[in-house]
Amino acid sequence: MPLKTWPDMAEACLATPIGLRLQRWRARLVDPLARRLAGQGWIGEYWRFYQAWRADPKGIGAVLPSSPALAAAITRDIGAATGPVIELGSGTGVFTRALRARGVPEETLALVEMDAGFAQRLRRDFPHAQVCCLDAARLAGDPLFYGRGAGAVVCGLPLLNMPLRQQVGILRGAFSQLRAGGAFYLFTYGPRCPVPRRVLDRLGLRATKRQTVMLNVPPAHVWKLTRRRTARNVL
């Protein structure tokens with residue numbers, strides 16, 4: 001079966017004889033040193049992300065956290081006037097820091113992160129934000145801002161690696177939190193929108209490509225999803 005996604009290719013490389021040798025070398029030499037440096041700024045951030053990727057490659061979606069360039073691109077339309085902002089899959093907080101730099105008050109951020117370790121760290125790093133340790137597909141019917149609609153959702157989840165049913169659940173939940181005119185921002189490593197056309201049509205959504213970010217590993221494409229004006233659906 002052809003390998004179509006970045007996590008699949010990474011897993012295949014690690015399964016080769018050279019990859020297994022590198023993993024043994026890492027376990028003896030690199031991992032102990034990395035654990036000692038885990039609290040040291042960006043080194044600690046990369047280490048925590050790598051550990052999460054090892055535990056769930058397809059759920060994390062990349063070996064490295066998103067770059068500052070991608071964070072700047074995916075948040076470029078968002079500012080202090082956007083209103084409450086929801087971030088899905090906040091991870092190490094790369095996008096969260098970019099949102100704060102755009103002027104979004106921490107008190108108006110809802111950070112949704114299913115990994116308990118990441119969620120604990122987010123609560124420490126962003127004490128005034130609302131951190132929700134839950135599956136992003138369960139957002140529907142539970143207002144995050146006491147009924148006040150969010151102006152934007154920033155998604156760091158690897159939707160391309162998810163089954164269609166899970167994608168639909170995440171999008172339904174996110175758009176149930178968005179007020180009229182709100183937008184859903186996401187990124188992908190492939191050239192096409194990670195949400196299939198049939199899902200967009202089913203939910204009455206429009207996808208617009210916003211930017212290609214070459215200064216990311218691997219290069220990424222930013223997309224914006226909005227409701228269609230003529231949509232006749234629950235969104």
# chains A, B, ... in the order shown; residues from 1 in each chain; ligands from 1

$ residues_around --residues "Pro219 (chain A)" --least-positions-apart "6" --cutoff "8 Å" --atoms "only C-alpha atoms" --output "ChimeraX atom specification"
/A:189,212-213

$ atom_distance --atom1 "CA of Arg192 (chain A)" --atom2 "CA of Lys209 (chain A)"
8.7 Å

$ residues_around --residues "region 105-119 of chain A" --least-positions-apart "6" --cutoff "7 Å" --atoms "only C-alpha atoms" --output "number ranges by chain"
A: 80, 83-92, 128-136

$ atom_distance --atom1 "CA of Ile74 (chain A)" --atom2 "CA of Ala137 (chain A)"
20.9 Å
